[in-house]
Amino acid sequence: MSEVKKRDAEVITLGSGDLMIKEYNAEEGFPGYKDFDDKSELLGRIQGGATLEYKGEWYEAKDDTGKAVKTIITSEEATLKSGIITWNGKTLEKMCSTARVTEKDGIRTVKIGGVGNNNGKSYALCFHHHDTQDGDVWVVVRGVNQAGFSLAFAKDKETVIDAEFKCLPMDDEGTLIEYNEEMTTTDEGTLI
């Protein structure tokens, strides 16, 4: 057991990964990390990696002397951010709740805006970090892009969409983030 703890402390997570997305359907239940396909559900290729942020707000009650203290968490917030370098109109539909996509005569048209067009959709997202040495990592969240987006078309730089998905509860326990990591093994089959 001490060997496992020693090796866990030596894992270095290095590199980016793939960001997959699928529309969340409450009737089907929330998908696990194994339910995502790296190829068919890829949101787009990533530039600049991905960032998962979690923070809580706390309330502290204490007496005037500071000898009696009680602290409780009152709210939580989590976001998954990533730059998407390969995208199209269908990607914009997942990034904006008021986007509508039509395809006709070889042209894809995306209309964005009008609060009455809010589709009310949320998405299950899975970020998969591939690591053959220390084991893969999967981060699964349910979210909605609430940060909007900007499209900068420059003559000497690629256009990247900065996605920022605000995490929503994915189960009855209020889970915002599911983090899964592959535990590597030695040649003898023991965990390291």
# chains A, B, ... in the order shown; residues from 1 in each chain; ligands from 1

call {"tool": "select_by_dssp", "arguments": {"residues": "chain A", "states": "alpha helix (DSSP H)", "output": "list in words"}}
result
Ser2, Glu3, Val4, Lys5, Lys6, Arg7, Asp8, Gly89, Lys90, Thr91, Leu92, Glu93, Lys94 and Met95 of chain A

call {"tool": "residues_around", "arguments": {"residues": "stretch 113-118 of chain A", "least_positions_apart": "4", "cutoff": "8 Å", "atoms": "only C-alpha atoms", "output": "VMD selection string"}}
result
chain A and resid 97 to 99

call {"tool": "write_last_selection", "arguments": {"atoms": "N, CA and C atoms", "output": "tab-separated table (two decimals), in the first residue's frame"}}
result
chain	number	residue	atom	x	y	z
A	97	SER	N	-26.94	28.85	-27.08
A	97	SER	CA	-28.28	28.27	-26.89
A	97	SER	C	-29.33	28.89	-27.80
A	98	THR	N	-29.02	30.01	-28.46
A	98	THR	CA	-30.00	30.61	-29.38
A	98	THR	C	-29.66	30.37	-30.85
A	99	ALA	N	-28.65	29.55	-31.11
A	99	ALA	CA	-28.23	29.28	-32.49
A	99	ALA	C	-29.16	28.27	-33.15

call {"tool": "select_by_dssp", "arguments": {"residues": "stretch 23-137 of chain A", "states": "strand (DSSP E or B)", "output": "VMD selection string"}}
result
chain A and resid 23 42 to 44 46 to 62 69 to 84 100 to 104 107 to 111 123 to 129 137

call {"tool": "closest_atom_pairs", "arguments": {"of": "stretch 147-178 of chain A", "to": "stretch 48-67 of chain A", "cutoff": "10 Å", "atoms": "only C-alpha atoms", "output": "tab-separated table"}}
result
residue	atom	partner	partner_atom	distance
A:Val160	CA	A:Gly48	CA	9.6
A:Asp162	CA	A:Gly48	CA	9.5
A:Ala163	CA	A:Ala50	CA	9.4
A:Glu164	CA	A:Thr51	CA	9.2
A:Phe165	CA	A:Leu52	CA	9.6
A:Lys166	CA	A:Glu53	CA	9.7
A:Cys167	CA	A:Tyr54	CA	9.4
A:Leu176	CA	A:Tyr54	CA	9.0
A:Ile177	CA	A:Tyr54	CA	8.7
